[in-house]
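Report on one structure; see the data block that follows.
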Amino acid sequence: FASYYGDHMVLQKKPSGAVVWGHGELGAMVTVTLSGPSGLIMEKTAQVKGPSGTWTAVLDPMDQGGPYALTAEQGLENVTLRDIYFGDVWLCSGQSNMVMTVLQVANASQELAAAAHYPYVRIFAAAPARSDVELEDLEQIDLPWSIPTAAENLGHGNFTYFSAVCWLLGRSLYEALGSPIGLVEVAWGGTPIEAWSSHRVLQACGLPEDTGREGPQISLWHGACFNLKPALCFVPPLNLALSSSTSPHQHLSGPQVPSVLWNAMIHPLLNMTLRGVAWYQGEANTFLNTDQYNCTFPALIADWRWAFHTGSAGQTEPLLPFGFVQLSTYRRRSADDSFARLRWHQTADLGVVPNARMPNTFMAVAMDLGDEQSPYGRWVLGWGEGVGMEVLGTSPVFLLFVGSIHPRDKQNVAHRLLLGARAVAYGDKDLVFQGPYPTRAILEVTRGLLNVTYSQELICRQRDAQAFEVRSGISSPKSCERESNTDVCLSPPQVCCSSQASQCQWLPAPVVAVGSHTVTLALSGCRTLVLGLRYAWAEWPCEYQACPLYNPQGLPAPPFL
């Protein structure tokens with residue numbers, strides 16, 4: 001069998017057929033049998049074909065359940081995999097917030113202790129690997145298919161395995177569906193979307209395919225991470241920290257090189273029949289090709305769907321359900337809007353999903369789950385309060401702790417993903433799975449008011465929080481305001497107003513009233529033409545679970561422009 005088949009694994013249940021494959025002697029016939037407690041269930045034959053000497057068989061669709069034994073036999077040789085179950089298989093991918101393990105989340109001891117209650121949620125983790133060419137099989141595995149245990153796998157270590165978001169989502173799916181769940185973690189911290197993209201995606205979005213293979217190289221981790229695990233190193237290069245993108249002439253290194261993770265970690269899995277994908281990535285692209293993300297992300301989704309559908313002989317559905325986490329927070333006082341832009345681009349600039357450019361997708365909003373006290377923060381080269389010193393060679397290096405990009409509340413993230421999965425992937429049409437979103441805005445010129453109507457009932461948690469902005473005529477930088485004796489750079493309700501469409505300045509639009517479905521904003525600072533409105537447009541838009549607007553189910557209104 002190929003490397004990622006093993007004892008305890010979960011294969012995709014009906015209506016799809018599970019694909020199994022492996023290596024053999026060229027031209028030989030391989031017999032694949034599936035057996036249960038009562039004996040033989042099915043038998044398939046496949047020929048080993050070149051040039052790499054592989055065979056592939058598609059099993060008949062199976063009801064959920066198990067345990068089964070799966071045997072591949074060639075001549076006198078045979079391999080049997082045991083304790084096999086049929087259920088739903090979900091792939092979890094992305095960067096360090098997906099890599100963050102159960103050991104690192106809030107209430108970790110309780111979450112780990114609960115592992116014993118979920119023996120039918122099986123977990124697998126591929127090892128970080130990169131390649132300049134598409135690989136047929138995984139080079140290395142961090143965690144073979146396993147029954148979850150607190151100490152051995154879910155709590156293995158920080159940023160190793162097993163993914164907290166992936167586990168908590170899978171566990172919740174099992175509770176909701178009662179079906180065995182197989183979780184496949186394929187993630188690497190600090191990596192941009194380009195590394196997970198095939199050459200087809202890069203070409204479609206006009207991005208260079210060879211960045212990093214020659215010439216001077218930079219790392220998105222920077223040298224400040226010299227003593228840290230790769231998954232811990234989210235540090236913008238100093239001269240790029242506030243840039244919307246790197247120059248196409250600058251070269252990336254290691255796992256940031258375009259396509260190297262697609263080649264080594266995704267391409268080998270294409271034969272696998274999947275039920276869905278969960279994706280948590282984007283932080284690295286807040287300073288690399290930020291404004292191309294509205295192309296690269298939809299293109300990656302479409303390309304992965306095509307590739308998994310084709311690779312599984314049509315067993316993985318063409319519109320494979322794809323869930324993702326909208327970026328949380330990083331630096332509380334940052335005036336940079338790259339996080340806000342990236343969140344917007346994660347929706348293909350349409351604000352909510354699914355949409356025409358991103359069908360059959362779902363999103364977990366996480367901008368209200370910031371965790372300033374998280375110990376899993378970021379050190380950068382610099383000087384200021386909280387500075388520490390390391391010695392690199394014989395030279396002292398001063399490192400400044402600038403905040404956490406790794407919130408510990410992964411339970412709410414997983415819960416919001418679960419709602420989307422149940423609604424989009426499993427067709428629960430009556431389930432509310434996303435927060436309220438504006439459907440129209442009516443300007444009352446004489447009163448200087450803007451009435452914004454939302455799609456759902458509104459719950460206002462922070463009437464005083466400044467979250468809306470209007471846009472007006474002269475450009476000026478956004479400033480931090482002092483609120484509750486704490487310096488917080490909140491993004492006030494903002495509108496764009498101008499007498500000339502070419503010149504704009506974002507101005508606060510204070511909330512005057514909140515009705516059951518409407519928000520009324522004051523436009524006192526905007527005496528001319530209103531050109532735009534934006535909400536929660538900041539790197540750290542609100543305190544923990546205290547953004548202004550939610551629905552009665554507790555889901556936050558997503559940001560919009």
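Order determines the names: the first chain of the structure tokens is A, the second B, and so forth; residues in each chain are numbered 1 upward, and ligands are numbered 1 upward as they are shown.
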
Counting only C-alpha atoms, what is within 9 Å of Pro359 (chain A), bar same-chain residues fewer than 4 positions away, as a list in words?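 After dropping sequence-adjacent residues, the list is Leu319, Pro321, Phe322, Val353, Pro354 and Asn355 of chain A.
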
Could you pull the residues within 8 Å of Cys166 (chain A), counting only C-alpha atoms, minus those fewer than 6 positions along the same chain, as an MDAnalysis selection string? chainID A and resid 92 98 183 185 278 414

Report the distance between CA of Leu342 (chain A) and CA of Leu274 (chain A) in Å, rounded to one decimal place.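 One can read the CA of Leu342 (chain A) to CA of Leu274 (chain A) distance as 27.5 Å.
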
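For the choices A:Asp132, A:Ile141, A:His156, A:Asp303, the atom-to-atom distance to Leu202 (chain A) is smallest for A:Asp303 when using only C-alpha atoms.
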
From a backbone DSSP assignment, name each residue in region 85-314 of chain A labelled helix (DSSP H, G or I), as a compact mmCIF listing (two decimals) with N, CA, C and O atoms, in the first residue's frame.
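The result, stored in part_7.txt:
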```txt
# COMPACT_ATOMS: atom_id res chain seq x y z
N SER A 96 0.53 27.87 10.73
CA SER A 96 0.75 27.52 12.13
C SER A 96 -0.50 27.48 12.98
O SER A 96 -0.56 26.74 13.97
N ASN A 97 -1.54 28.26 12.65
CA ASN A 97 -2.75 28.16 13.44
C ASN A 97 -3.48 26.84 13.20
O ASN A 97 -4.29 26.42 14.04
N MET A 98 -3.20 26.19 12.09
CA MET A 98 -3.69 24.82 11.89
C MET A 98 -2.75 23.82 12.55
O MET A 98 -3.18 22.77 13.03
N VAL A 99 -1.46 24.13 12.60
CA VAL A 99 -0.48 23.22 13.21
C VAL A 99 -0.61 23.21 14.73
O VAL A 99 -0.33 22.21 15.38
N VAL A 102 -3.53 20.32 20.26
CA VAL A 102 -4.50 20.30 21.35
C VAL A 102 -3.82 20.67 22.67
O VAL A 102 -4.45 21.26 23.56
N LEU A 103 -2.54 20.36 22.79
CA LEU A 103 -1.79 20.69 24.01
C LEU A 103 -1.73 22.19 24.26
O LEU A 103 -1.55 22.63 25.40
N GLN A 104 -1.91 23.00 23.22
CA GLN A 104 -1.69 24.44 23.31
C GLN A 104 -2.96 25.27 23.48
O GLN A 104 -2.88 26.48 23.66
N ALA A 108 -6.67 22.95 27.76
CA ALA A 108 -6.01 21.83 27.09
C ALA A 108 -6.13 20.52 27.87
O ALA A 108 -6.38 19.46 27.29
N SER A 109 -5.97 20.58 29.19
CA SER A 109 -6.02 19.34 29.98
C SER A 109 -7.38 18.67 29.86
O SER A 109 -7.47 17.43 29.76
N GLN A 110 -8.45 19.47 29.85
CA GLN A 110 -9.79 18.89 29.69
C GLN A 110 -9.99 18.32 28.30
O GLN A 110 -10.58 17.23 28.15
N GLU A 111 -9.51 19.02 27.30
CA GLU A 111 -9.65 18.53 25.93
C GLU A 111 -8.88 17.23 25.74
O GLU A 111 -9.35 16.30 25.08
N LEU A 112 -7.68 17.16 26.31
CA LEU A 112 -6.89 15.94 26.19
C LEU A 112 -7.53 14.77 26.93
O LEU A 112 -7.54 13.65 26.45
N ALA A 113 -8.07 15.06 28.10
CA ALA A 113 -8.71 14.00 28.89
C ALA A 113 -9.91 13.40 28.16
O ALA A 113 -10.25 12.23 28.35
N ALA A 114 -10.55 14.23 27.33
CA ALA A 114 -11.75 13.76 26.62
C ALA A 114 -11.42 12.87 25.43
O ALA A 114 -12.33 12.27 24.84
N ALA A 115 -10.15 12.76 25.07
CA ALA A 115 -9.77 12.00 23.87
C ALA A 115 -10.26 10.57 23.91
O ALA A 115 -10.66 9.99 22.89
N ALA A 116 -10.26 9.97 25.09
CA ALA A 116 -10.64 8.56 25.22
C ALA A 116 -12.09 8.30 24.83
O ALA A 116 -12.46 7.16 24.56
N HIS A 117 -12.90 9.34 24.79
CA HIS A 117 -14.31 9.18 24.44
C HIS A 117 -14.55 9.15 22.93
O HIS A 117 -15.69 9.00 22.50
N ALA A 150 -4.32 11.03 24.73
CA ALA A 150 -3.95 12.34 25.27
C ALA A 150 -2.46 12.61 25.17
O ALA A 150 -2.03 13.67 24.71
N ALA A 151 -1.65 11.66 25.61
CA ALA A 151 -0.22 11.93 25.72
C ALA A 151 0.54 11.63 24.43
O ALA A 151 1.46 12.35 24.06
N GLU A 152 0.16 10.56 23.73
CA GLU A 152 0.99 10.08 22.63
C GLU A 152 0.82 10.86 21.33
O GLU A 152 1.76 11.00 20.57
N ASN A 153 -0.40 11.32 21.05
CA ASN A 153 -0.56 12.01 19.77
C ASN A 153 -1.25 13.37 19.88
O ASN A 153 -0.69 14.36 19.44
N LEU A 154 -2.41 13.47 20.50
CA LEU A 154 -3.05 14.79 20.59
C LEU A 154 -2.21 15.76 21.39
O LEU A 154 -2.18 16.95 21.11
N ALA A 164 -5.18 21.15 16.70
CA ALA A 164 -6.33 21.39 17.57
C ALA A 164 -7.58 21.71 16.75
O ALA A 164 -8.67 21.17 17.01
N VAL A 165 -7.46 22.59 15.76
CA VAL A 165 -8.63 22.94 14.95
C VAL A 165 -9.17 21.71 14.24
O VAL A 165 -10.38 21.45 14.22
N CYS A 166 -8.27 20.92 13.69
CA CYS A 166 -8.67 19.72 12.96
C CYS A 166 -9.35 18.73 13.90
O CYS A 166 -10.43 18.19 13.61
N TRP A 167 -8.74 18.50 15.06
CA TRP A 167 -9.30 17.55 16.03
C TRP A 167 -10.66 18.00 16.55
O TRP A 167 -11.61 17.23 16.59
N LEU A 168 -10.76 19.26 16.95
CA LEU A 168 -12.01 19.75 17.52
C LEU A 168 -13.13 19.75 16.48
O LEU A 168 -14.29 19.47 16.81
N LEU A 169 -12.80 20.05 15.23
CA LEU A 169 -13.80 19.95 14.17
C LEU A 169 -14.23 18.50 13.96
O LEU A 169 -15.43 18.20 13.90
N GLY A 170 -13.26 17.61 13.87
CA GLY A 170 -13.58 16.20 13.64
C GLY A 170 -14.38 15.60 14.78
O GLY A 170 -15.33 14.83 14.56
N ARG A 171 -14.00 15.94 15.98
CA ARG A 171 -14.72 15.45 17.16
C ARG A 171 -16.17 15.93 17.14
O ARG A 171 -17.11 15.17 17.42
N SER A 172 -16.37 17.20 16.77
CA SER A 172 -17.71 17.75 16.71
C SER A 172 -18.53 17.14 15.58
O SER A 172 -19.74 16.92 15.72
N LEU A 173 -17.88 16.86 14.45
CA LEU A 173 -18.57 16.19 13.36
C LEU A 173 -19.03 14.79 13.79
O LEU A 173 -20.15 14.37 13.46
N TYR A 174 -18.18 14.09 14.53
CA TYR A 174 -18.56 12.76 15.02
C TYR A 174 -19.78 12.86 15.95
O TYR A 174 -20.71 12.05 15.86
N GLU A 175 -19.77 13.85 16.84
CA GLU A 175 -20.90 14.02 17.75
C GLU A 175 -22.18 14.35 16.99
O GLU A 175 -23.26 13.88 17.35
N ALA A 176 -22.06 15.14 15.93
CA ALA A 176 -23.24 15.57 15.17
C ALA A 176 -23.76 14.48 14.25
O ALA A 176 -24.98 14.36 14.05
N LEU A 177 -22.86 13.68 13.68
CA LEU A 177 -23.25 12.74 12.64
C LEU A 177 -23.30 11.29 13.11
O LEU A 177 -23.99 10.46 12.51
N ILE A 193 0.26 30.99 0.70
CA ILE A 193 -0.62 30.17 -0.15
C ILE A 193 0.09 29.73 -1.42
O ILE A 193 -0.21 28.65 -1.96
N GLU A 194 1.05 30.53 -1.89
CA GLU A 194 1.75 30.17 -3.12
C GLU A 194 2.46 28.82 -3.00
O GLU A 194 2.56 28.08 -3.98
N ALA A 195 2.96 28.49 -1.79
CA ALA A 195 3.66 27.22 -1.60
C ALA A 195 2.72 26.03 -1.71
O ALA A 195 3.13 24.93 -2.06
N TRP A 196 1.42 26.26 -1.42
CA TRP A 196 0.42 25.19 -1.47
C TRP A 196 -0.27 25.14 -2.83
O TRP A 196 -1.20 24.34 -3.02
N HIS A 199 1.27 24.87 -10.22
CA HIS A 199 1.66 25.85 -11.25
C HIS A 199 0.44 26.40 -11.97
O HIS A 199 0.46 27.53 -12.46
N ARG A 200 -0.65 25.63 -12.00
CA ARG A 200 -1.87 26.11 -12.66
C ARG A 200 -2.45 27.33 -11.94
O ARG A 200 -2.89 28.30 -12.57
N VAL A 201 -2.43 27.30 -10.60
CA VAL A 201 -2.94 28.42 -9.82
C VAL A 201 -2.06 29.64 -10.02
O VAL A 201 -2.57 30.77 -10.22
N LEU A 202 -0.77 29.45 -9.96
CA LEU A 202 0.16 30.58 -10.12
C LEU A 202 0.00 31.22 -11.50
O LEU A 202 -0.01 32.45 -11.62
N GLN A 203 -0.15 30.40 -12.52
CA GLN A 203 -0.33 30.93 -13.87
C GLN A 203 -1.65 31.69 -13.98
O GLN A 203 -1.72 32.78 -14.57
N ALA A 204 -2.71 31.14 -13.39
CA ALA A 204 -4.02 31.78 -13.47
C ALA A 204 -4.03 33.15 -12.82
O ALA A 204 -4.78 34.03 -13.24
N GLY A 223 15.72 35.89 10.51
CA GLY A 223 16.70 35.31 11.42
C GLY A 223 16.33 35.37 12.88
O GLY A 223 16.97 34.72 13.70
N ALA A 224 15.31 36.14 13.24
CA ALA A 224 14.92 36.21 14.65
C ALA A 224 14.39 34.89 15.16
O ALA A 224 14.21 34.72 16.35
N CYS A 225 14.19 33.94 14.25
CA CYS A 225 13.62 32.66 14.66
C CYS A 225 14.68 31.57 14.79
O CYS A 225 14.35 30.40 14.79
N PRO A 230 10.35 25.69 13.10
CA PRO A 230 9.81 26.40 11.94
C PRO A 230 8.37 26.82 12.11
O PRO A 230 7.98 27.89 11.67
N ALA A 231 7.55 26.00 12.76
CA ALA A 231 6.13 26.34 12.90
C ALA A 231 5.93 27.58 13.76
O ALA A 231 4.88 28.21 13.71
N LEU A 232 6.92 27.94 14.56
CA LEU A 232 6.78 29.08 15.47
C LEU A 232 7.18 30.39 14.82
O LEU A 232 7.00 31.45 15.41
N LEU A 238 12.02 42.67 8.12
CA LEU A 238 11.86 44.01 8.68
C LEU A 238 11.47 45.05 7.63
O LEU A 238 10.67 45.93 7.88
N ASN A 239 12.00 44.91 6.42
CA ASN A 239 11.70 45.90 5.41
C ASN A 239 10.40 45.58 4.66
O ASN A 239 10.02 46.29 3.75
N LEU A 240 9.72 44.50 5.06
CA LEU A 240 8.49 44.11 4.38
C LEU A 240 7.29 44.11 5.30
O LEU A 240 6.19 43.81 4.89
N GLY A 254 13.13 27.90 1.31
CA GLY A 254 12.51 26.84 2.09
C GLY A 254 11.07 26.57 1.70
O GLY A 254 10.72 26.53 0.51
N PRO A 255 10.20 26.41 2.69
CA PRO A 255 8.81 26.06 2.39
C PRO A 255 7.96 27.21 1.87
O PRO A 255 6.76 27.04 1.65
N GLN A 256 8.56 28.40 1.69
CA GLN A 256 7.79 29.51 1.11
C GLN A 256 7.86 29.55 -0.41
O GLN A 256 7.15 30.32 -1.05
N VAL A 260 6.14 24.25 -3.67
CA VAL A 260 6.93 23.16 -3.08
C VAL A 260 6.12 22.30 -2.10
O VAL A 260 6.40 21.11 -1.93
N LEU A 261 5.11 22.88 -1.46
CA LEU A 261 4.28 22.09 -0.54
C LEU A 261 3.16 21.38 -1.29
O LEU A 261 2.74 20.28 -0.91
N TRP A 262 2.65 22.01 -2.33
CA TRP A 262 1.74 21.30 -3.22
C TRP A 262 2.43 20.04 -3.75
O TRP A 262 1.85 18.95 -3.73
N ASN A 263 3.66 20.19 -4.18
CA ASN A 263 4.38 19.07 -4.78
C ASN A 263 4.59 17.92 -3.81
O ASN A 263 4.41 16.75 -4.15
N ALA A 264 4.99 18.24 -2.57
CA ALA A 264 5.43 17.22 -1.63
C ALA A 264 4.36 16.75 -0.66
O ALA A 264 4.44 15.64 -0.14
N MET A 265 3.34 17.59 -0.40
CA MET A 265 2.38 17.26 0.67
C MET A 265 0.94 17.10 0.19
O MET A 265 0.16 16.38 0.83
N ILE A 266 0.57 17.76 -0.91
CA ILE A 266 -0.80 17.64 -1.42
C ILE A 266 -0.88 16.68 -2.60
O ILE A 266 -1.72 15.77 -2.63
N HIS A 267 -0.01 16.84 -3.57
CA HIS A 267 -0.04 15.98 -4.75
C HIS A 267 -0.02 14.49 -4.41
O HIS A 267 -0.75 13.70 -5.04
N PRO A 268 0.77 14.04 -3.43
CA PRO A 268 0.75 12.61 -3.10
C PRO A 268 -0.60 12.09 -2.59
O PRO A 268 -0.84 10.89 -2.60
N LEU A 269 -1.48 12.98 -2.13
CA LEU A 269 -2.74 12.56 -1.52
C LEU A 269 -3.91 12.58 -2.51
O LEU A 269 -5.04 12.25 -2.11
N GLU A 283 -1.98 34.30 7.24
CA GLU A 283 -1.14 35.24 7.97
C GLU A 283 0.12 35.58 7.18
O GLU A 283 0.54 36.75 7.11
N ALA A 284 0.74 34.57 6.57
CA ALA A 284 1.96 34.82 5.80
C ALA A 284 1.71 35.72 4.59
O ALA A 284 2.61 36.41 4.12
N ASN A 285 0.48 35.71 4.09
CA ASN A 285 0.17 36.54 2.92
C ASN A 285 -0.28 37.94 3.28
O ASN A 285 -0.66 38.72 2.39
N THR A 286 -0.23 38.30 4.57
CA THR A 286 -0.49 39.70 4.92
C THR A 286 0.70 40.57 4.55
O THR A 286 0.59 41.80 4.62
N THR A 290 -0.41 40.17 -0.91
CA THR A 290 -1.68 40.33 -0.18
C THR A 290 -2.85 40.56 -1.12
O THR A 290 -3.90 39.91 -1.00
N ASP A 291 -2.69 41.48 -2.04
CA ASP A 291 -3.81 41.87 -2.89
C ASP A 291 -4.00 40.97 -4.10
O ASP A 291 -4.85 41.23 -4.95
N GLN A 292 -3.22 39.88 -4.16
CA GLN A 292 -3.49 38.82 -5.14
C GLN A 292 -4.26 37.67 -4.52
O GLN A 292 -4.67 36.73 -5.21
N TYR A 293 -4.49 37.74 -3.19
CA TYR A 293 -5.15 36.62 -2.50
C TYR A 293 -6.58 36.43 -2.97
O TYR A 293 -7.12 35.32 -2.91
N ASN A 294 -7.22 37.53 -3.45
CA ASN A 294 -8.58 37.37 -3.98
C ASN A 294 -8.60 36.58 -5.27
O ASN A 294 -9.66 36.18 -5.74
N CYS A 295 -7.43 36.31 -5.84
CA CYS A 295 -7.31 35.40 -6.98
C CYS A 295 -6.76 34.04 -6.54
O CYS A 295 -7.31 32.99 -6.86
N THR A 296 -5.66 34.07 -5.77
CA THR A 296 -4.99 32.81 -5.44
C THR A 296 -5.86 31.88 -4.60
O THR A 296 -5.84 30.65 -4.81
N PHE A 297 -6.63 32.44 -3.67
CA PHE A 297 -7.42 31.55 -2.81
C PHE A 297 -8.57 30.87 -3.56
O PHE A 297 -8.68 29.64 -3.54
N PRO A 298 -9.43 31.61 -4.28
CA PRO A 298 -10.45 30.91 -5.07
C PRO A 298 -9.83 29.96 -6.10
O PRO A 298 -10.39 28.88 -6.36
N ALA A 299 -8.70 30.35 -6.68
CA ALA A 299 -8.05 29.49 -7.67
C ALA A 299 -7.52 28.21 -7.04
O ALA A 299 -7.62 27.12 -7.62
N LEU A 300 -6.94 28.32 -5.83
CA LEU A 300 -6.47 27.13 -5.13
C LEU A 300 -7.63 26.18 -4.83
O LEU A 300 -7.53 24.96 -5.03
N ILE A 301 -8.75 26.72 -4.35
CA ILE A 301 -9.90 25.88 -4.04
C ILE A 301 -10.36 25.14 -5.29
O ILE A 301 -10.57 23.91 -5.27
N ALA A 302 -10.52 25.85 -6.39
CA ALA A 302 -10.98 25.23 -7.63
C ALA A 302 -9.98 24.19 -8.12
O ALA A 302 -10.37 23.11 -8.60
N ASP A 303 -8.69 24.49 -7.99
CA ASP A 303 -7.66 23.58 -8.48
C ASP A 303 -7.59 22.32 -7.61
O ASP A 303 -7.47 21.20 -8.14
N TRP A 304 -7.64 22.48 -6.30
CA TRP A 304 -7.64 21.30 -5.43
C TRP A 304 -8.85 20.41 -5.72
O TRP A 304 -8.75 19.19 -5.75
N ARG A 305 -10.01 21.03 -5.92
CA ARG A 305 -11.21 20.24 -6.22
C ARG A 305 -11.02 19.42 -7.49
O ARG A 305 -11.33 18.24 -7.53
N TRP A 306 -10.54 20.08 -8.53
CA TRP A 306 -10.31 19.37 -9.79
C TRP A 306 -9.30 18.25 -9.60
O TRP A 306 -9.51 17.11 -10.08
N ALA A 307 -8.22 18.52 -8.90
CA ALA A 307 -7.15 17.54 -8.74
C ALA A 307 -7.60 16.35 -7.91
O ALA A 307 -7.29 15.19 -8.24
N PHE A 308 -8.32 16.59 -6.80
CA PHE A 308 -8.78 15.47 -5.98
C PHE A 308 -9.88 14.67 -6.69
O PHE A 308 -9.95 13.45 -6.57
N HIS A 309 -10.74 15.35 -7.44
CA HIS A 309 -11.77 14.65 -8.20
C HIS A 309 -11.13 13.75 -9.26
O HIS A 309 -11.50 12.56 -9.40
N THR A 310 -10.16 14.30 -9.98
CA THR A 310 -9.49 13.54 -11.03
C THR A 310 -8.65 12.42 -10.44
O THR A 310 -8.70 11.27 -10.91
N GLY A 311 -7.90 12.72 -9.41
CA GLY A 311 -7.01 11.73 -8.81
C GLY A 311 -7.73 10.56 -8.18
O GLY A 311 -7.19 9.45 -8.09
```

Which neighbours of Thr54 (chain A) fall inside 7 Å, counting only C-alpha atoms, when residues of the same chain fewer than 4 positions from it are skipped, and could you give them as a list in words?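 Listed by chain and then number, they are Gly22, His23, Gly24, Val48, Lys49 and Gly50 of chain A.
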
Those residues you just picked out, can you put them in a file as a CSV table (one decimal), in the first residue's frame with C-alpha atoms?
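Everything below was put into selection16.csv:
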```csv
chain,number,residue,atom,x,y,z
A,22,GLY,CA,0.1,1.1,-3.8
A,23,HIS,CA,3.4,-0.1,-5.3
A,24,GLY,CA,4.2,-3.4,-7.0
A,48,VAL,CA,0.7,-2.6,-11.7
A,49,LYS,CA,1.4,0.0,-14.3
A,50,GLY,CA,4.4,2.1,-15.1
```

I'd like to know which of A:Ala536, A:Val445, A:Ala72, A:Cys496 is closest to Asp368 (chain A), using only C-alpha atoms.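 Comparing A:Ala536, A:Val445, A:Ala72, A:Cys496 against Asp368 (chain A), the winner is A:Ala536.
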
To one decimal place in Å, what is the distance between CA of Leu270 (chain A) and CA of Ser52 (chain A)?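 Between CA of Leu270 (chain A) and CA of Ser52 (chain A) the gap is 15.9 Å.
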
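Of the listed residues A:Thr45, A:Ser38, A:Ser197, A:Ser179, the one whose atoms come nearest to Glu134 (chain A) is A:Ser197, with distances taken using only C-alpha atoms.
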
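A straight line drawn from CA of Gly94 (chain A) to CA of Phe560 (chain A) is 23.5 Å long.
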
Ranking A:Ala125, A:Leu521, A:Ala513, A:Val365 by minimum distance to Tyr161 (chain A) and counting only C-alpha atoms, which one comes first? A:Ala125

For Asn158 (chain A), which residue out of A:Arg82, A:Lys429, A:His406, A:Arg416 is the nearest one, using only C-alpha atoms?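 That would be A:His406, the residue with the smallest distance to Asn158 (chain A).
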
As number ranges by chain, list the residues of region 337-368 of chain A assigned to strand (DSSP E or B) by DSSP on the backbone atoms of this structure. A: 355, 358, 361-364

Keeping only all heavy atoms, write the selected residues as an mmCIF file, in the first residue's frame.
```cif
data_model
loop_
_atom_site.group_PDB
_atom_site.id
_atom_site.type_symbol
_atom_site.label_atom_id
_atom_site.label_comp_id
_atom_site.auth_asym_id
_atom_site.auth_seq_id
_atom_site.Cartn_x
_atom_site.Cartn_y
_atom_site.Cartn_z
ATOM 1 N N ASN A 355 -20.294 32.050 -2.288
ATOM 2 C CA ASN A 355 -20.680 33.068 -3.258
ATOM 3 C C ASN A 355 -20.349 32.563 -4.661
ATOM 4 O O ASN A 355 -19.876 31.428 -4.824
ATOM 5 C CB ASN A 355 -19.996 34.405 -2.939
ATOM 6 C CG ASN A 355 -18.479 34.321 -2.950
ATOM 7 O OD1 ASN A 355 -17.883 33.799 -3.896
ATOM 8 N ND2 ASN A 355 -17.837 34.844 -1.904
ATOM 9 N N MET A 358 -16.856 31.456 -5.058
ATOM 10 C CA MET A 358 -16.424 30.430 -4.104
ATOM 11 C C MET A 358 -17.622 29.567 -3.699
ATOM 12 O O MET A 358 -18.060 29.581 -2.549
ATOM 13 C CB MET A 358 -15.773 31.090 -2.884
ATOM 14 C CG MET A 358 -14.548 31.928 -3.226
ATOM 15 S SD MET A 358 -13.904 32.863 -1.808
ATOM 16 C CE MET A 358 -13.369 31.536 -0.725
ATOM 17 N N THR A 361 -18.445 26.677 -0.222
ATOM 18 C CA THR A 361 -17.452 26.977 0.803
ATOM 19 C C THR A 361 -18.158 27.486 2.053
ATOM 20 O O THR A 361 -19.323 27.875 2.018
ATOM 21 C CB THR A 361 -16.453 28.039 0.327
ATOM 22 O OG1 THR A 361 -17.157 29.246 0.000
ATOM 23 C CG2 THR A 361 -15.686 27.564 -0.891
ATOM 24 N N PHE A 362 -17.436 27.474 3.170
ATOM 25 C CA PHE A 362 -17.955 28.040 4.412
ATOM 26 C C PHE A 362 -16.803 28.623 5.204
ATOM 27 O O PHE A 362 -15.650 28.216 5.045
ATOM 28 C CB PHE A 362 -18.742 27.007 5.228
ATOM 29 C CG PHE A 362 -18.004 25.723 5.506
ATOM 30 C CD1 PHE A 362 -17.317 25.534 6.702
ATOM 31 C CD2 PHE A 362 -18.008 24.681 4.586
ATOM 32 C CE1 PHE A 362 -16.651 24.348 6.971
ATOM 33 C CE2 PHE A 362 -17.342 23.482 4.841
ATOM 34 C CZ PHE A 362 -16.666 23.324 6.045
ATOM 35 N N MET A 363 -17.115 29.608 6.053
ATOM 36 C CA MET A 363 -16.076 30.406 6.713
ATOM 37 C C MET A 363 -16.377 30.553 8.201
ATOM 38 O O MET A 363 -17.517 30.800 8.594
ATOM 39 C CB MET A 363 -16.011 31.781 6.054
ATOM 40 C CG MET A 363 -15.082 32.785 6.716
ATOM 41 S SD MET A 363 -14.988 34.351 5.802
ATOM 42 C CE MET A 363 -16.572 35.113 6.231
ATOM 43 N N ALA A 364 -15.346 30.412 9.011
ATOM 44 C CA ALA A 364 -15.424 30.713 10.435
ATOM 45 C C ALA A 364 -14.776 32.065 10.675
ATOM 46 O O ALA A 364 -13.571 32.222 10.481
ATOM 47 C CB ALA A 364 -14.717 29.630 11.258
#
```

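Among A:Asn551, A:Gln545, A:Asn360, A:Ser338, the residue with the shortest atom-to-atom distance to Gln462 (chain A), counting only C-alpha atoms, is A:Gln545.
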